[in-house]
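Here's the structure we're looking at; comments come further down.
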Amino acid sequence: MRRWILASASPRRKELLHQMGLEFDIIPATGEEKSRETIPERYVTELAGHKAKEVFQRVLAEQKVGKEERTPIAVIGSDTIVVLSDRILGKPHDREEAFEMIEALQGREHQVMTAIALFWTDDAGKERQDSFCSITTVSVNAMEEEEIRRYLATGEADDKAGAYGIQGTFGMFVSEIHGSYHSVVGLPIAELYQKIKQDGLLD
């Protein structure tokens with residue numbers, strides 16, 4: 001039986017992964033999120049890979065020093081960014097930066113990129129890895145300054161890429177999306193299921 005691990009403490013990713021029917025442990029990655037990549041798709045994929053690899057190596061190290069049987073493991077790492085005209089918007093550092101982000105997004109369309117990195121050991125103990133990036137286009141209605149301030153006051157934007165969460169109050173400003181809704185929330189479960197299936201990880 002394979003041990004699944006989510007390398008994230010995000011309650012949104014936890015909830016979405018539960019929808020797939022997987023039983024999994026949560027071991028958040030703790031390393032600093034850094035990448036020198038300037039191409040957004042590569043940037044977010046590298047960050048997801050860092051998270052998955054960090055937790056994967058940590059669990060493998062624990063198995064080596066332990067006396068228990070080495071159960072095959074699979075680690076899921078994920079990262080989400082908002083991209084506006086090739087500008088990468090991560091999590092805002094403060095409310096003022098969050099305001100600037102939403103002010104730039106309102107009345108326009110942008111892309112949300114969520115990358116998934118998988119690190120696992122197969123039945124022979126060999127280490128394997130795979131990754132993909134889901135890209136969704138999101139259109140936001142024009143917003144008045146007061147609407148932006150009122151939204152930010154909810155605190156919903158504080159820990160989210162691009163300073164908004166589509167599943168929350170901000171949803172009423174989103175006019176349409178093209179792509180995966182779940183990817184915008186933080187975990188593209190349809191694409192993830194197909195990738196797991198393709199990689200032969202369905203026990």
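Convention: chains lettered A, B, ... in structure tokens order; per-chain residue numbering from 1; ligands numbered from 1 as shown.
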Contacts of region 74-179 of chain A with region 21-36 of chain A up to 10 Å, shortest pair per row, only C-alpha atoms, as a tab-separated table:
```
residue	atom	partner	partner_atom	distance
A:Ala74	CA	A:Phe24	CA	9.4
A:Val75	CA	A:Ile27	CA	9.2
A:Ile76	CA	A:Ile26	CA	9.8
A:Gly77	CA	A:Ala29	CA	8.5
A:Asp79	CA	A:Glu33	CA	9.7
```
Kindly export the residues of the current selection with C-alpha atoms, as a compact mmCIF listing (two decimals), in the first residue's frame.
```txt
# COMPACT_ATOMS: atom_id res chain seq x y z
CA ALA A 74 4.30 9.43 -3.21
CA VAL A 75 4.63 13.13 -2.45
CA ILE A 76 2.48 15.84 -4.04
CA GLY A 77 3.93 19.35 -4.17
CA ASP A 79 2.38 26.00 -6.09
```
Q: Considering only C-alpha atoms, return as an MDAnalysis selection string whatever protein or nucleic-acid residues lie within 6 Å of region 132-144 of chain A, sequence-local ones (same chain, fewer than 5 positions apart) excluded.
A: chainID A and resid 106:116 173:180
Q. Using only C-alpha atoms, which residues sit within 9 Å of region 155-160 of chain A once same-chain residues fewer than 3 positions away are excluded, as JSON, numbers by chain?
A. {"A": [80, 81, 90, 91, 92, 93, 94, 95, 98, 151, 152, 163, 164, 165, 168, 169, 170]}
Preceding selection exported with N, CA, C and O atoms as an mmCIF file, in the first residue's frame:
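Output file again11.cif follows:
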```
data_model
loop_
_atom_site.group_PDB
_atom_site.id
_atom_site.type_symbol
_atom_site.label_atom_id
_atom_site.label_comp_id
_atom_site.auth_asym_id
_atom_site.auth_seq_id
_atom_site.Cartn_x
_atom_site.Cartn_y
_atom_site.Cartn_z
ATOM 1 N N THR A 80 0.980 27.876 -6.692
ATOM 2 C CA THR A 80 0.074 28.655 -7.541
ATOM 3 C C THR A 80 0.570 30.090 -7.658
ATOM 4 O O THR A 80 0.966 30.702 -6.664
ATOM 5 N N ILE A 81 0.543 30.622 -8.877
ATOM 6 C CA ILE A 81 0.860 32.035 -9.092
ATOM 7 C C ILE A 81 -0.204 32.643 -9.998
ATOM 8 O O ILE A 81 -0.900 31.945 -10.734
ATOM 9 N N GLY A 90 2.700 36.811 -6.658
ATOM 10 C CA GLY A 90 2.640 35.783 -5.626
ATOM 11 C C GLY A 90 1.737 36.241 -4.493
ATOM 12 O O GLY A 90 0.780 36.996 -4.699
ATOM 13 N N LYS A 91 2.036 35.835 -3.276
ATOM 14 C CA LYS A 91 1.257 36.267 -2.117
ATOM 15 C C LYS A 91 1.688 37.684 -1.731
ATOM 16 O O LYS A 91 2.880 37.977 -1.672
ATOM 17 N N PRO A 92 0.739 38.569 -1.440
ATOM 18 C CA PRO A 92 1.103 39.942 -1.056
ATOM 19 C C PRO A 92 1.770 39.987 0.311
ATOM 20 O O PRO A 92 1.430 39.209 1.203
ATOM 21 N N HIS A 93 2.716 40.887 0.470
ATOM 22 C CA HIS A 93 3.416 41.032 1.749
ATOM 23 C C HIS A 93 2.589 41.823 2.758
ATOM 24 O O HIS A 93 2.748 41.680 3.964
ATOM 25 N N ASP A 94 1.708 42.693 2.244
ATOM 26 C CA ASP A 94 0.862 43.484 3.135
ATOM 27 C C ASP A 94 -0.388 43.912 2.367
ATOM 28 O O ASP A 94 -0.531 43.642 1.167
ATOM 29 N N ARG A 95 -1.278 44.593 3.053
ATOM 30 C CA ARG A 95 -2.546 44.997 2.441
ATOM 31 C C ARG A 95 -2.357 46.001 1.307
ATOM 32 O O ARG A 95 -3.114 46.005 0.340
ATOM 33 N N ALA A 98 -1.433 44.108 -1.658
ATOM 34 C CA ALA A 98 -2.630 43.396 -2.087
ATOM 35 C C ALA A 98 -3.548 44.334 -2.875
ATOM 36 O O ALA A 98 -4.123 43.952 -3.895
ATOM 37 N N TYR A 151 -13.143 44.426 0.169
ATOM 38 C CA TYR A 151 -12.741 43.031 0.013
ATOM 39 C C TYR A 151 -11.490 42.734 0.847
ATOM 40 O O TYR A 151 -11.427 41.722 1.560
ATOM 41 N N LEU A 152 -10.505 43.603 0.786
ATOM 42 C CA LEU A 152 -9.261 43.381 1.528
ATOM 43 C C LEU A 152 -9.505 43.342 3.032
ATOM 44 O O LEU A 152 -8.809 42.637 3.764
ATOM 45 N N ALA A 163 -3.588 37.971 -4.436
ATOM 46 C CA ALA A 163 -4.399 38.667 -3.429
ATOM 47 C C ALA A 163 -5.894 38.404 -3.549
ATOM 48 O O ALA A 163 -6.708 39.249 -3.203
ATOM 49 N N TYR A 164 -6.259 37.218 -4.039
ATOM 50 C CA TYR A 164 -7.684 36.886 -4.032
ATOM 51 C C TYR A 164 -7.896 35.384 -4.008
ATOM 52 O O TYR A 164 -7.024 34.599 -4.375
ATOM 53 N N GLY A 165 -9.091 35.006 -3.552
ATOM 54 C CA GLY A 165 -9.501 33.603 -3.579
ATOM 55 C C GLY A 165 -10.814 33.499 -4.323
ATOM 56 O O GLY A 165 -11.821 34.091 -3.916
ATOM 57 N N GLY A 168 -14.062 32.390 -2.548
ATOM 58 C CA GLY A 168 -14.617 33.207 -1.477
ATOM 59 C C GLY A 168 -15.403 34.392 -2.008
ATOM 60 O O GLY A 168 -15.989 34.354 -3.092
ATOM 61 N N THR A 169 -15.368 35.481 -1.249
ATOM 62 C CA THR A 169 -16.115 36.684 -1.593
ATOM 63 C C THR A 169 -15.729 37.242 -2.956
ATOM 64 O O THR A 169 -16.561 37.800 -3.676
ATOM 65 N N PHE A 170 -14.465 37.086 -3.333
ATOM 66 C CA PHE A 170 -13.986 37.655 -4.599
ATOM 67 C C PHE A 170 -14.694 37.046 -5.800
ATOM 68 O O PHE A 170 -14.699 37.632 -6.882
#
```
Q: Please give the complete set of residues from region 22-171 of chain A that DSSP, run on the backbone, assigns to strand (DSSP E), formatted as a PyMOL selection string.
A: chain A and resi 24-26+73-84+87-89+109-121+127-140
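Secondary structure of region 128-194 of chain A, helix (DSSP H, G or I) only (DSSP, backbone atoms): Glu145, Glu146, Glu147, Ile148, Arg149, Arg150, Tyr151, Leu152, Ala161, Gly162, Ala163, Thr169, Phe170, Gly171, Met172, Phe173, Tyr181, His182, Ser183, Val184, Val185, Ile189, Ala190, Glu191, Leu192, Tyr193 and Gln194 of chain A.
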What would the file look like if the residues just selected were written as a PDB file, in the first residue's frame with C-alpha atoms?
```pdb
ATOM      1  CA  GLU A 145     -11.551  51.511  -4.998  1.00  0.00           C
ATOM      2  CA  GLU A 146     -14.113  51.131  -2.209  1.00  0.00           C
ATOM      3  CA  GLU A 147     -14.955  47.599  -3.396  1.00  0.00           C
ATOM      4  CA  ILE A 148     -11.284  46.637  -3.346  1.00  0.00           C
ATOM      5  CA  ARG A 149     -10.779  48.078   0.145  1.00  0.00           C
ATOM      6  CA  ARG A 150     -13.899  46.342   1.433  1.00  0.00           C
ATOM      7  CA  TYR A 151     -12.741  43.031   0.013  1.00  0.00           C
ATOM      8  CA  LEU A 152      -9.261  43.381   1.528  1.00  0.00           C
ATOM      9  CA  ALA A 161      -1.431  34.425  -4.800  1.00  0.00           C
ATOM     10  CA  GLY A 162      -2.661  37.500  -6.630  1.00  0.00           C
ATOM     11  CA  ALA A 163      -4.399  38.667  -3.429  1.00  0.00           C
ATOM     12  CA  THR A 169     -16.115  36.684  -1.593  1.00  0.00           C
ATOM     13  CA  PHE A 170     -13.986  37.655  -4.599  1.00  0.00           C
ATOM     14  CA  GLY A 171     -15.989  35.226  -6.719  1.00  0.00           C
ATOM     15  CA  MET A 172     -18.660  37.877  -7.276  1.00  0.00           C
ATOM     16  CA  PHE A 173     -16.139  39.967  -9.233  1.00  0.00           C
ATOM     17  CA  TYR A 181     -11.744  26.149 -11.571  1.00  0.00           C
ATOM     18  CA  HIS A 182     -10.021  23.811  -9.090  1.00  0.00           C
ATOM     19  CA  SER A 183      -6.642  24.936 -10.405  1.00  0.00           C
ATOM     20  CA  VAL A 184      -7.516  28.524  -9.482  1.00  0.00           C
ATOM     21  CA  VAL A 185      -8.476  27.330  -5.992  1.00  0.00           C
ATOM     22  CA  ILE A 189      -7.783  17.570  -9.271  1.00  0.00           C
ATOM     23  CA  ALA A 190      -8.966  16.439 -12.721  1.00  0.00           C
ATOM     24  CA  GLU A 191      -5.506  16.861 -14.242  1.00  0.00           C
ATOM     25  CA  LEU A 192      -3.853  15.434 -11.125  1.00  0.00           C
ATOM     26  CA  TYR A 193      -6.002  12.299 -11.237  1.00  0.00           C
ATOM     27  CA  GLN A 194      -5.142  11.724 -14.894  1.00  0.00           C
TER      28      GLN A 194
END
```
Q: Would you mind listing what lies within 9 Å of Ser10 (chain A) as a PyMOL selection string, with only C-alpha atoms counted and same-chain residues fewer than 4 positions away left out?
A: chain A and resi 14-15+28+186
Could the residues in this selection be saved with all heavy atoms as an mmCIF file, in the first residue's frame?
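Dumped everything to again29.cif:
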```
data_model
loop_
_atom_site.group_PDB
_atom_site.id
_atom_site.type_symbol
_atom_site.label_atom_id
_atom_site.label_comp_id
_atom_site.auth_asym_id
_atom_site.auth_seq_id
_atom_site.Cartn_x
_atom_site.Cartn_y
_atom_site.Cartn_z
ATOM 1 N N LYS A 14 -5.903 20.545 0.848
ATOM 2 C CA LYS A 14 -6.302 19.379 1.635
ATOM 3 C C LYS A 14 -7.720 18.954 1.286
ATOM 4 O O LYS A 14 -8.001 17.772 1.051
ATOM 5 C CB LYS A 14 -6.198 19.716 3.125
ATOM 6 C CG LYS A 14 -6.693 18.611 4.056
ATOM 7 C CD LYS A 14 -6.632 19.071 5.508
ATOM 8 C CE LYS A 14 -7.229 18.017 6.440
ATOM 9 N NZ LYS A 14 -7.217 18.484 7.863
ATOM 10 N N GLU A 15 -8.635 19.909 1.232
ATOM 11 C CA GLU A 15 -10.035 19.616 0.929
ATOM 12 C C GLU A 15 -10.193 19.046 -0.474
ATOM 13 O O GLU A 15 -10.929 18.079 -0.691
ATOM 14 C CB GLU A 15 -10.863 20.895 1.077
ATOM 15 C CG GLU A 15 -12.342 20.698 0.825
ATOM 16 C CD GLU A 15 -13.137 21.980 0.964
ATOM 17 O OE1 GLU A 15 -12.593 22.972 1.507
ATOM 18 O OE2 GLU A 15 -14.293 21.999 0.536
ATOM 19 N N PRO A 28 4.082 19.631 5.538
ATOM 20 C CA PRO A 28 4.380 20.854 4.785
ATOM 21 C C PRO A 28 5.875 21.030 4.517
ATOM 22 O O PRO A 28 6.709 20.710 5.363
ATOM 23 C CB PRO A 28 3.855 21.972 5.693
ATOM 24 C CG PRO A 28 2.913 21.301 6.636
ATOM 25 C CD PRO A 28 3.464 19.916 6.833
ATOM 26 N N GLY A 186 -6.396 26.043 -6.181
ATOM 27 C CA GLY A 186 -5.084 25.636 -5.696
ATOM 28 C C GLY A 186 -4.644 24.219 -5.990
ATOM 29 O O GLY A 186 -3.491 23.857 -5.762
#
```
Q. So how many Å separate CA of Arg42 (chain A) and CA of Gly200 (chain A), to one decimal?
A. 24.8 Å
